[in-house]
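Here's structure-v1.cif, which has mmCIF, C-alpha atoms and all ligand atoms:
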data_structure
loop_
_atom_site.label_atom_id
_atom_site.label_comp_id
_atom_site.auth_asym_id
_atom_site.auth_seq_id
_atom_site.Cartn_x
_atom_site.Cartn_y
_atom_site.Cartn_z
CA MET N 39 -36.70 -19.36 11.11
CA SER N 40 -39.19 -17.74 8.79
CA LEU N 41 -39.00 -13.99 8.67
CA ASN N 42 -42.02 -11.86 8.05
CA ARG N 43 -40.72 -8.73 6.34
CA ARG N 44 -43.17 -6.29 7.88
CA THR N 45 -42.65 -7.63 11.40
CA PHE N 46 -38.93 -7.50 10.88
CA ILE N 47 -38.90 -3.92 9.67
CA LYS N 48 -41.32 -2.81 12.35
CA ASN N 49 -39.03 -4.20 15.02
CA THR N 50 -35.88 -2.79 13.48
CA SER N 51 -37.54 0.60 12.96
CA LEU N 52 -38.39 0.72 16.65
CA LEU N 53 -34.82 -0.17 17.43
CA LEU N 54 -33.64 2.68 15.25
CA GLY N 55 -35.84 5.02 17.21
CA TYR N 56 -38.46 5.90 14.60
CA SER N 57 -41.84 6.88 15.93
CA LEU N 58 -45.29 7.05 14.47
CA LEU N 59 -45.39 10.80 15.02
CA PRO N 60 -44.83 13.23 12.13
CA TYR N 61 -41.17 13.28 11.18
CA PRO N 62 -39.16 16.41 11.77
CA ASN N 63 -36.69 16.99 8.94
CA LEU N 64 -33.43 17.20 10.84
CA TYR N 65 -31.75 19.17 8.13
CA ALA N 66 -34.59 21.41 6.99
CA SER N 67 -33.24 24.48 8.73
CA THR N 68 -29.68 24.16 7.44
CA SER N 69 -28.46 26.02 4.39
CA GLN N 70 -27.38 22.74 2.77
CA LYS N 71 -28.94 22.39 -0.66
CA GLN N 72 -31.40 19.53 -0.79
CA LEU N 73 -32.86 17.91 -3.87
CA GLY N 74 -36.64 17.55 -3.98
CA VAL N 75 -37.68 13.90 -4.33
CA CYS N 76 -41.06 12.73 -5.61
CA LEU N 77 -42.09 9.17 -4.69
CA VAL N 78 -44.12 7.29 -7.32
CA GLY N 79 -46.24 4.56 -5.70
CA LEU N 80 -47.13 4.83 -2.02
CA GLY N 81 -47.02 1.17 -1.02
CA TYR N 82 -44.99 -0.61 1.63
CA TYR N 83 -41.48 0.46 0.65
CA SER N 84 -42.35 4.13 0.12
CA THR N 85 -44.50 4.31 3.26
CA ASP N 86 -42.43 2.33 5.73
CA LEU N 87 -38.88 2.91 4.49
CA LEU N 88 -38.26 5.65 1.92
CA ALA N 89 -40.46 8.47 3.22
CA PRO N 90 -39.14 8.06 6.80
CA ALA N 91 -35.57 7.84 5.43
CA LEU N 92 -36.11 11.06 3.47
CA GLN N 93 -36.57 12.80 6.83
CA LEU N 94 -33.03 11.73 7.74
CA THR N 95 -31.21 12.63 4.54
CA LYS N 96 -28.81 15.57 4.32
CA HIS N 97 -29.11 16.17 0.62
CA CYS N 98 -32.73 15.30 -0.24
CA ARG N 99 -36.21 15.95 1.00
CA LEU N 100 -39.61 14.60 0.16
CA THR N 101 -41.43 17.23 -1.90
CA GLY N 102 -43.90 15.32 -4.07
CA ILE N 103 -45.99 12.18 -4.50
CA VAL N 104 -47.57 10.31 -7.40
CA THR N 105 -50.41 7.97 -6.46
CA GLY N 106 -53.46 6.29 -7.93
CA SER N 107 -55.05 5.99 -4.48
CA PRO N 108 -56.69 9.35 -3.58
CA HIS N 109 -57.52 8.18 -0.05
CA LYS N 110 -53.79 8.12 0.79
CA ILE N 111 -53.23 11.78 -0.15
CA PRO N 112 -54.48 13.63 2.99
CA LYS N 113 -52.42 11.41 5.31
CA TRP N 114 -49.22 11.95 3.28
CA GLN N 115 -49.84 15.68 2.94
CA LYS N 116 -50.39 16.06 6.69
CA ARG N 117 -47.49 13.91 7.73
CA TYR N 118 -44.93 15.33 5.32
CA GLY N 119 -46.27 18.80 4.56
CA ILE N 120 -46.70 18.17 0.84
CA PRO N 121 -48.67 20.98 -0.89
CA ASP N 122 -51.55 20.27 -3.31
CA LYS N 123 -49.46 21.48 -6.27
CA ASN N 124 -46.94 18.65 -5.66
CA VAL N 125 -49.50 15.82 -5.66
CA TYR N 126 -49.88 13.91 -8.94
CA ASN N 127 -51.53 10.79 -10.33
CA TYR N 128 -50.29 8.38 -13.00
CA GLN N 129 -52.11 10.27 -15.75
CA ASN N 130 -50.84 13.78 -15.02
CA MET N 131 -47.34 13.05 -13.67
CA GLY N 132 -45.84 14.41 -16.91
CA ARG N 133 -46.60 17.87 -15.49
CA ILE N 134 -43.80 17.39 -12.96
CA ALA N 135 -41.66 18.79 -15.79
CA ASP N 136 -42.86 22.28 -14.77
CA ASN N 137 -42.43 21.83 -11.01
CA PRO N 138 -39.25 23.40 -9.61
CA ASP N 139 -39.80 21.72 -6.21
CA ILE N 140 -39.02 18.32 -7.73
CA ASP N 141 -35.53 17.32 -8.91
CA VAL N 142 -35.80 13.51 -8.74
CA ILE N 143 -38.62 11.08 -9.50
CA TYR N 144 -38.28 7.79 -7.58
CA ILE N 145 -40.16 4.80 -9.08
CA VAL N 146 -41.38 2.51 -6.29
CA LEU N 147 -44.02 0.53 -8.18
CA PRO N 148 -44.55 -3.16 -8.98
CA THR N 149 -41.58 -4.30 -11.05
CA GLY N 150 -43.70 -4.80 -14.18
CA LEU N 151 -44.50 -1.06 -14.17
CA HIS N 152 -40.94 0.22 -13.65
CA ALA N 153 -40.13 0.64 -17.35
CA LYS N 154 -43.34 2.50 -18.25
CA TYR N 155 -43.07 4.99 -15.39
CA ALA N 156 -39.29 5.37 -15.34
CA ILE N 157 -39.47 6.33 -19.02
CA LYS N 158 -42.34 8.78 -18.28
CA ALA N 159 -40.21 10.21 -15.47
CA ALA N 160 -37.17 10.65 -17.73
CA HIS N 161 -39.29 12.59 -20.23
CA THR N 162 -40.09 15.20 -17.56
CA GLY N 163 -36.37 16.08 -17.53
CA LYS N 164 -36.05 15.16 -13.84
CA HIS N 165 -33.46 12.65 -12.60
CA VAL N 166 -34.72 9.10 -12.17
CA TRP N 167 -34.26 6.67 -9.32
CA CYS N 168 -35.79 3.25 -9.92
CA GLU N 169 -36.27 0.46 -7.41
CA LYS N 170 -34.75 -2.98 -7.85
CA PRO N 171 -35.25 -5.21 -9.76
CA MET N 172 -34.82 -2.69 -12.56
CA ALA N 173 -37.47 -4.19 -14.89
CA ARG N 174 -38.76 -7.51 -16.24
CA THR N 175 -36.46 -7.82 -19.24
CA ALA N 176 -33.12 -6.52 -20.46
CA THR N 177 -35.02 -4.88 -23.33
CA GLU N 178 -37.08 -2.88 -20.83
CA CYS N 179 -33.91 -1.96 -18.91
CA GLN N 180 -32.28 -0.70 -22.10
CA ALA N 181 -35.38 1.41 -22.89
CA ILE N 182 -35.11 3.08 -19.45
CA ILE N 183 -31.38 3.76 -19.98
CA ASP N 184 -32.06 5.18 -23.46
CA ALA N 185 -34.82 7.48 -22.17
CA CYS N 186 -32.54 8.82 -19.42
CA THR N 187 -29.65 9.31 -21.84
CA LYS N 188 -31.88 11.09 -24.37
CA ASN N 189 -33.20 13.44 -21.69
CA ASN N 190 -29.76 13.97 -20.17
CA VAL N 191 -30.80 12.88 -16.68
CA LYS N 192 -29.08 10.58 -14.20
CA LEU N 193 -30.44 7.11 -13.48
CA SER N 194 -29.80 5.18 -10.26
CA ILE N 195 -31.12 1.75 -9.31
CA GLY N 196 -32.15 1.15 -5.69
CA TYR N 197 -29.58 -1.48 -4.75
CA ARG N 198 -29.12 -0.23 -1.21
CA MET N 199 -26.51 -2.87 -0.30
CA GLN N 200 -23.90 -1.32 -2.58
CA HIS N 201 -24.06 1.82 -0.37
CA GLU N 202 -23.61 -0.18 2.86
CA PRO N 203 -20.10 -0.15 4.46
CA ASN N 204 -19.69 -3.87 5.30
CA THR N 205 -20.84 -4.76 1.81
CA GLN N 206 -18.41 -2.18 0.45
CA GLN N 207 -15.63 -3.88 2.43
CA ILE N 208 -16.23 -7.24 0.75
CA ILE N 209 -16.60 -5.50 -2.61
CA LYS N 210 -13.02 -4.21 -2.05
CA TRP N 211 -11.90 -7.76 -1.22
CA ALA N 212 -12.92 -8.78 -4.74
CA ASP N 213 -9.83 -6.80 -5.84
CA THR N 214 -7.44 -7.35 -2.97
CA LYS N 215 -8.32 -11.04 -2.30
CA PRO N 216 -7.00 -11.16 1.31
CA TYR N 217 -8.20 -14.78 1.64
CA GLY N 218 -6.96 -15.90 -1.75
CA LYS N 219 -8.85 -16.95 -4.84
CA ILE N 220 -12.60 -17.35 -4.40
CA LYS N 221 -13.75 -20.96 -4.82
CA ASN N 222 -17.39 -21.17 -3.73
CA ILE N 223 -20.15 -18.73 -2.82
CA ILE N 224 -23.40 -19.51 -1.06
CA ALA N 225 -25.97 -16.71 -1.22
CA GLU N 226 -29.55 -17.00 -0.01
CA ALA N 227 -32.29 -14.39 0.43
CA GLY N 228 -35.95 -14.94 1.17
CA TYR N 229 -38.87 -14.18 3.44
CA TYR N 230 -42.24 -15.73 4.10
CA ASP N 231 -44.89 -13.85 2.12
CA SER N 232 -48.28 -14.75 3.55
CA ARG N 233 -50.24 -12.86 0.89
CA SER N 234 -52.15 -14.74 -1.80
CA ASP N 235 -53.39 -12.00 -4.13
CA HIS N 236 -50.50 -9.57 -4.36
CA TRP N 237 -48.68 -8.38 -7.52
CA LYS N 238 -45.66 -10.43 -6.38
CA GLN N 239 -47.69 -13.50 -7.42
CA ASN N 240 -48.59 -11.94 -10.78
CA LYS N 241 -46.34 -12.54 -13.77
CA ALA N 242 -47.34 -9.48 -15.82
CA LEU N 243 -46.59 -7.20 -12.86
CA GLY N 244 -43.12 -8.67 -12.44
CA GLY N 245 -43.81 -11.03 -9.54
CA GLY N 246 -41.77 -14.08 -8.56
CA ALA N 247 -39.15 -14.68 -5.89
CA MET N 248 -36.30 -14.59 -8.40
CA TYR N 249 -37.07 -11.04 -9.49
CA ASP N 250 -37.97 -9.70 -6.08
CA MET N 251 -35.49 -11.34 -3.68
CA GLY N 252 -33.30 -13.33 -6.06
CA VAL N 253 -31.52 -10.21 -7.26
CA TYR N 254 -29.93 -9.89 -3.80
CA PRO N 255 -27.94 -13.17 -3.98
CA LEU N 256 -27.37 -12.66 -7.70
CA ASN N 257 -26.01 -9.13 -7.29
CA ALA N 258 -23.93 -10.33 -4.31
CA THR N 259 -22.21 -13.02 -6.39
CA ARG N 260 -21.21 -10.35 -8.88
CA TYR N 261 -19.93 -7.82 -6.33
CA VAL N 262 -18.16 -10.47 -4.28
CA THR N 263 -16.22 -11.78 -7.28
CA GLY N 264 -15.99 -8.56 -9.28
CA GLU N 265 -16.71 -10.82 -12.25
CA GLU N 266 -19.57 -11.43 -14.66
CA PRO N 267 -20.84 -15.04 -14.66
CA ILE N 268 -20.18 -17.05 -17.80
CA ALA N 269 -23.02 -19.53 -17.35
CA VAL N 270 -26.10 -20.50 -15.41
CA LEU N 271 -25.11 -24.12 -14.78
CA LYS N 272 -28.54 -25.10 -13.49
CA ALA N 273 -31.72 -23.63 -12.06
CA ASN N 274 -35.01 -24.94 -10.80
CA HIS N 275 -38.24 -23.72 -9.21
CA THR N 276 -40.18 -25.37 -6.40
CA THR N 277 -43.34 -24.46 -4.52
CA LYS N 278 -45.06 -25.58 -1.37
CA ARG N 279 -48.14 -23.48 -2.19
CA PRO N 280 -49.06 -24.44 -5.77
CA LYS N 281 -52.54 -22.89 -5.50
CA ILE N 282 -50.99 -19.45 -4.87
CA TYR N 283 -47.85 -19.71 -7.00
CA THR N 284 -49.56 -20.57 -10.28
CA GLU N 285 -47.78 -18.00 -12.49
CA VAL N 286 -44.49 -17.24 -10.79
CA ASP N 287 -41.80 -18.96 -8.74
CA GLU N 288 -42.15 -19.28 -4.98
CA THR N 289 -38.61 -20.69 -4.56
CA THR N 290 -35.72 -20.74 -7.04
CA HIS N 291 -32.30 -22.40 -6.79
CA PHE N 292 -29.61 -21.38 -9.25
CA THR N 293 -25.93 -22.11 -9.81
CA LEU N 294 -23.58 -19.70 -11.55
CA GLU N 295 -20.10 -20.24 -12.95
CA PHE N 296 -17.56 -17.38 -13.04
CA PRO N 297 -14.54 -16.96 -15.35
CA SER N 298 -12.08 -17.53 -12.46
CA GLY N 299 -13.71 -20.91 -11.79
CA ALA N 300 -15.70 -19.75 -8.75
CA ILE N 301 -19.10 -21.43 -8.39
CA ALA N 302 -22.07 -19.74 -6.71
CA ASN N 303 -24.96 -21.76 -5.30
CA CYS N 304 -27.90 -19.46 -4.67
CA LYS N 305 -31.42 -19.68 -3.37
CA THR N 306 -34.34 -17.30 -3.07
CA SER N 307 -37.85 -17.77 -1.75
CA PHE N 308 -41.21 -16.27 -0.77
CA GLY N 309 -41.77 -19.33 1.40
CA LEU N 310 -38.77 -19.25 3.71
CA GLY N 311 -36.79 -16.63 5.61
CA MET N 312 -33.07 -16.66 4.78
CA ASN N 313 -30.42 -13.98 4.62
CA ASP N 314 -26.88 -15.37 4.28
CA LEU N 315 -23.83 -14.83 2.14
CA ARG N 316 -20.73 -17.04 2.54
CA VAL N 317 -17.56 -16.84 0.48
CA ASP N 318 -15.05 -19.72 0.60
CA CYS N 319 -11.58 -18.92 -0.64
CA GLU N 320 -8.31 -20.81 -0.96
CA LYS N 321 -6.86 -19.36 2.28
CA GLY N 322 -9.98 -18.69 4.36
CA SER N 323 -13.58 -17.60 4.22
CA TYR N 324 -15.92 -14.75 5.16
CA SER N 325 -19.62 -14.29 5.56
CA LEU N 326 -22.31 -11.70 6.08
CA SER N 327 -25.41 -12.80 7.94
CA PRO N 328 -27.65 -11.01 7.42
CA PHE N 329 -26.32 -9.61 4.16
CA GLN N 330 -29.35 -7.57 3.07
CA ALA N 331 -31.44 -6.70 6.15
CA TYR N 332 -32.53 -3.11 6.76
CA GLY N 333 -31.50 -3.16 10.41
CA GLY N 334 -27.80 -3.70 9.76
CA ILE N 335 -25.31 -6.03 8.13
CA ARG N 336 -22.95 -8.17 10.18
CA GLY N 337 -20.24 -10.62 9.35
CA LYS N 338 -16.82 -12.03 10.04
CA ALA N 339 -13.90 -13.68 8.34
CA SER N 340 -12.11 -16.91 9.22
CA ASP N 341 -9.16 -14.98 10.73
CA GLY N 342 -11.48 -13.22 13.18
CA THR N 343 -11.82 -9.95 11.23
CA LEU N 344 -15.22 -8.48 12.06
CA LEU N 345 -17.51 -6.83 9.56
CA ASN N 346 -19.67 -4.74 11.85
CA GLN N 347 -19.67 -1.12 10.72
CA ARG N 348 -22.94 0.69 11.41
CA ILE N 349 -24.80 3.38 9.50
CA PRO N 350 -27.96 5.02 10.83
CA ASN N 351 -30.16 4.25 7.83
CA GLN N 352 -29.40 2.39 4.59
CA GLN N 353 -32.06 4.12 2.49
CA ALA N 354 -30.94 7.58 3.65
CA GLN N 355 -27.34 6.66 2.83
CA GLN N 356 -28.32 5.46 -0.65
CA MET N 357 -30.43 8.54 -1.43
CA ASP N 358 -27.77 10.94 -0.12
CA ASN N 359 -25.10 9.26 -2.26
CA ASP N 360 -27.37 9.42 -5.29
CA ALA N 361 -28.24 13.07 -4.57
CA LEU N 362 -24.54 13.99 -4.28
CA ALA N 363 -23.87 12.36 -7.67
CA ILE N 364 -26.52 14.65 -9.15
CA MET N 365 -25.36 17.78 -7.31
CA ASN N 366 -21.68 17.22 -8.17
CA ASP N 367 -22.39 15.72 -11.60
CA THR N 368 -20.33 12.61 -10.83
CA PRO N 369 -21.13 9.00 -11.81
CA VAL N 370 -23.85 7.32 -9.75
CA MET N 371 -22.84 4.26 -7.72
CA VAL N 372 -25.46 1.93 -9.19
CA PRO N 373 -26.28 2.95 -12.77
CA GLY N 374 -28.93 1.43 -15.03
CA GLU N 375 -26.29 -0.75 -16.70
CA GLU N 376 -25.72 -2.50 -13.35
CA GLY N 377 -29.44 -3.22 -12.93
CA MET N 378 -29.61 -4.47 -16.52
CA LYS N 379 -26.72 -6.92 -16.01
CA ASP N 380 -28.69 -8.65 -13.26
CA ILE N 381 -31.90 -8.78 -15.30
CA ARG N 382 -30.08 -10.36 -18.23
CA ILE N 383 -28.92 -13.11 -15.86
CA VAL N 384 -32.39 -13.41 -14.28
CA GLU N 385 -33.76 -14.08 -17.78
CA ALA N 386 -31.10 -16.78 -18.27
CA ILE N 387 -31.95 -18.33 -14.87
CA TYR N 388 -35.62 -18.60 -15.86
CA LYS N 389 -34.55 -20.13 -19.17
CA ALA N 390 -32.31 -22.69 -17.43
CA ALA N 391 -35.19 -23.64 -15.11
CA ARG N 392 -37.60 -23.91 -18.05
CA THR N 393 -35.32 -26.00 -20.28
CA GLY N 394 -33.39 -27.94 -17.63
CA LYS N 395 -30.21 -27.00 -19.52
CA LYS N 396 -27.11 -24.93 -18.85
CA VAL N 397 -27.39 -21.40 -20.31
CA MET N 398 -24.23 -19.62 -21.49
CA LEU N 399 -24.03 -15.90 -20.69
CA GLN N 400 -20.99 -14.74 -22.64
P1 LIG M 501 -46.40 -2.59 -2.65
O1 LIG M 501 -47.33 -3.57 -3.27
O2 LIG M 501 -46.46 -2.43 -1.18
O3 LIG M 501 -46.61 -1.15 -3.29
C1 LIG M 501 -46.80 -0.98 -4.66
C2 LIG M 501 -47.53 0.32 -4.93
O4 LIG M 501 -47.80 0.42 -6.31
C3 LIG M 501 -48.89 0.39 -4.21
O5 LIG M 501 -49.03 1.66 -3.62
C4 LIG M 501 -49.90 0.23 -5.33
O6 LIG M 501 -51.12 0.91 -5.09
C5 LIG M 501 -49.15 0.83 -6.51
N1 LIG M 501 -49.63 0.37 -7.81
C6 LIG M 501 -49.82 1.16 -8.87
N2 LIG M 501 -50.29 0.45 -9.91
C7 LIG M 501 -50.41 -0.80 -9.49
C8 LIG M 501 -50.88 -2.00 -10.12
N3 LIG M 501 -51.30 -2.04 -11.38
N4 LIG M 501 -50.90 -3.13 -9.38
C9 LIG M 501 -50.45 -3.14 -8.11
N5 LIG M 501 -50.00 -2.03 -7.46
C10 LIG M 501 -50.00 -0.87 -8.14
O7 LIG M 501 -44.93 -2.99 -3.15
P2 LIG M 501 -43.55 -2.59 -2.48
O8 LIG M 501 -43.14 -3.68 -1.57
O9 LIG M 501 -43.62 -1.21 -1.97
O10 LIG M 501 -42.56 -2.69 -3.75
C11 LIG M 501 -42.48 -1.64 -4.69
C12 LIG M 501 -41.10 -1.69 -5.35
O11 LIG M 501 -40.11 -1.47 -4.37
C13 LIG M 501 -40.77 -3.03 -5.99
O12 LIG M 501 -40.02 -2.81 -7.16
C14 LIG M 501 -39.89 -3.72 -4.97
O13 LIG M 501 -38.97 -4.64 -5.51
C15 LIG M 501 -39.17 -2.53 -4.38
N6 LIG M 501 -38.71 -2.78 -3.01
C16 LIG M 501 -37.40 -2.58 -2.75
C17 LIG M 501 -36.91 -2.82 -1.49
C18 LIG M 501 -35.46 -2.56 -1.18
O14 LIG M 501 -35.01 -2.92 -0.10
N7 LIG M 501 -34.72 -1.94 -2.08
C19 LIG M 501 -37.77 -3.29 -0.49
C20 LIG M 501 -39.11 -3.46 -0.79
C21 LIG M 501 -39.58 -3.21 -2.07
#

Written form, structure tokens:
Amino acid sequence: MSLNRRTFIKNTSLLLGYSLLPYPNLYASTSQKQLGVCLVGLGYYSTDLLAPALQLTKHCRLTGIVTGSPHKIPKWQKRYGIPDKNVYNYQNMGRIADNPDIDVIYIVLPTGLHAKYAIKAAHTGKHVWCEKPMARTATECQAIIDACTKNNVKLSIGYRMQHEPNTQQIIKWADTKPYGKIKNIIAEAGYYDSRSDHWKQNKALGGGAMYDMGVYPLNATRYVTGEEPIAVLKANHTTKRPKIYTEVDETTHFTLEFPSGAIANCKTSFGLGMNDLRVDCEKGSYSLSPFQAYGGIRGKASDGTLLNQRIPNQQAQQMDNDALAIMNDTPVMVPGEEGMKDIRIVEAIYKAARTGKKVMLQ
């Protein structure tokens, strides 16, 4: 079944009880310290997911915005009570350095712009959160890490699944191996994108299914095994809409080999809805389906063990965990190095598809 992302999130948001009315901040009246978060880029993810989630967080609140679209400003100011002094554009966002209302700058832009604006954000001296995929190249990822290190600020990448309890359960199984040695993994993530002129179809802006959705199966293979792949055994791109997907991949298949011998067969697409992770081991198997949906992750193992823990909101959970790491000065759960590991492999997957040859990673 093809899954339209907006329809899906709209339905799940209704299920979670969100409304279209202004959001009351449930924690605003408590004495709990909250970090001020500034969203950079007011597109789909900021509008539909992150800003609403920031009304549910314990440790953060939405205090600022950076946008290049002036017509969006009055609506955001009214809905979230953001004062004029906390509204920026891409040219003047460096001035956030002097704004005590803002502790964190969250980059929610097209992937090809992550490096430029995450580095700008780091230079303000504020902590940086950057959406997945971290950037287009490992070189860009390293530049973001270096800018954050130089400015002594924390950097977190928006891999929300690593904050999700059922995912955390199977991450633990990478160590404990209750079903024995992992033999095969199947991981697939995609949705039907009906747009024809969006940045996700533009190479310079970091488009392509592999970057956008492919990092979900890729990251899953790494957290499921607890290993780093040694090779991209094969990869290939296909498209059913060649007039739209002229620059970037619509669908990508890739196969990874891990040091333990585990093999992962993965797929990602802008042409097909899919959301499954299956792990076959020597003494059993387990799966999550869906494994990366906003509305909740579900799964089970071959011995009947259920993976069905619930959290109210994945984005709120992620931002609260990241805020606590800043407030307590502890390591973040998903640092820049983690995002960079995936992008290094994404580059190798594109190379394997281009050359038709196996690409070694270690
Ligand atoms: P979007 O196209 O809806 O929004 C992008 C925003 O960037 C828009 O407001 C647009 O005006 C702005 N922008 C600034 N300069 C631009 C330029 N030169 N070209 C195009 N847009 C420009 O995209 P989105 O779906 O909100 O994705 C933004 C980021 O969030 C991406 O990195 C994406 O991977 C990530 N994302 C993450 C999740 C998740 O579950 N973690 C989900 C969706 C998106």

* Environment of ligand LIG 501 (chain M) within 6 Å, counting only C-alpha atoms and all ligand atoms, reported as a ChimeraX atom specification -> /N:79-84,146-149,169-171,196-198,237,250

* Asked: Counting only C-alpha atoms, which of N:Asp341, N:Asp231, N:Glu266, N:Asp318 gets nearest to Phe296 in chain N?
  -> N:Glu266

* For the point (-30.6, 5.0, -13.8) in the file's frame, write as a PyMOL selection string all residues with an atom no more than 9 Å away, counting all atoms listed in the file. => chain N and resi 156+165-168+172+182-183+186+191-195+370+372-377

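Every residue within 12 Å of the file position (-16.8, -4.8, 12.7), judged by only C-alpha atoms, is given as Pro203, Asn204, Thr205, Gln207, Leu326, Gly334, Ile335, Arg336, Gly337, Lys338, Ala339, Gly342, Thr343, Leu344, Leu345, Asn346, Gln347, Arg348 and Ile349 of chain N.
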
* Return the single residue from N:Glu265, N:Asp380, N:Asp213, N:Glu288 that is closest to Tyr229 in chain N, with distances computed using all atoms listed in the file. =>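 With all atoms listed in the file as the atom set, the closest residue is N:Glu288.
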
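Of the listed residues N:Ile143, N:Gln93, N:Lys321, N:Glu295, the one whose atoms come nearest to Lys219 in chain N is N:Lys321, with distances taken using only C-alpha atoms.
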
* **Distance of CA of Leu362 in chain N from CA of His97 in chain N, expressed in Å to one decimal place** =>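 Result for CA of His97 in chain N versus CA of Leu362 in chain N: 7.0 Å, one decimal.
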
Listed atoms of range 132-142 of chain N boxed along x, y and z, 5 Å each side, centre and edge lengths in Å, one decimal, as lines of an AutoDock Vina configuration file:
center_x = -41.1
center_y = 18.5
center_z = -11.6
size_x = 21.1
size_y = 19.9
size_z = 20.7

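Using only C-alpha atoms, the contacts of His236 in chain N at a cut-off of 10 Å, with sequence neighbours closer than 3 positions omitted, comprise Pro148, Asp231, Ser232, Arg233, Gln239, Asn240, Leu243, Gly245 and Ile282 of chain N.
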
* **Nearest-residue call for Tyr144 in chain N, choices N:Gly102, N:Gly299, N:Pro216, N:Gly309, using all atoms listed in the file** => N:Gly102

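Interatomic distance, CA of Trp114 in chain N to CA of Met199 in chain N: 27.4 Å.
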
* Point-to-point distance from CA of Ala176 in chain N to CA of Gln129 in chain N, Å rounded to tenths ->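 CA of Ala176 in chain N sits 25.8 Å away from CA of Gln129 in chain N.
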
* To do: Determine, counting all atoms listed in the file, which protein, DNA and RNA residues have an atom within 9 Å of an atom of Met365 in chain N; residues of the same chain fewer than 5 positions away are not included. Present the result as an NGL selection string.
  => :N and (71 or 73 or 97 or 360)

File dump, residues just selected, C-alpha atoms, as an mmCIF file, in the coordinates of the input:
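The resulting file, again_39.cif, is reproduced below:
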data_model
loop_
_atom_site.group_PDB
_atom_site.id
_atom_site.type_symbol
_atom_site.label_atom_id
_atom_site.label_comp_id
_atom_site.auth_asym_id
_atom_site.auth_seq_id
_atom_site.Cartn_x
_atom_site.Cartn_y
_atom_site.Cartn_z
ATOM 1 C CA LYS N 71 -28.940 22.390 -0.660
ATOM 2 C CA LEU N 73 -32.860 17.910 -3.870
ATOM 3 C CA HIS N 97 -29.110 16.170 0.620
ATOM 4 C CA ASP N 360 -27.370 9.420 -5.290
#

* Find the residues around Pro297 in chain N up to 12 Å (only C-alpha atoms counted), leave out those fewer than 3 positions away in its own chain, and share them as a PyMOL selection string. => chain N and resi 219-221+260+263-269+294+300-302+398-400

* **Nearest-residue call for Gln353 in chain N, choices N:Glu178, N:Asp139, N:Asp122, N:Glu202, using only C-alpha atoms** => N:Glu202

* To do: Compare N:Leu94, N:Cys304, N:Val142, N:Ile224 by their minimum atom-to-atom distance to Pro350 in chain N, counting only C-alpha atoms, and give me the closest one.
  =>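 Looking at the shortest contact to Pro350 in chain N, the residue is N:Leu94.
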
* Write out as a list in words which residues come within 9 Å of Ala91 in chain N when counting all atoms listed in the file, dropping same-chain ones fewer than 5 positions away. =>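 Neighbouring residues, sequence-local ones excluded: Asp86, Asn351, Gln352, Gln353, Ala354, Gln355 and Met357 of chain N.
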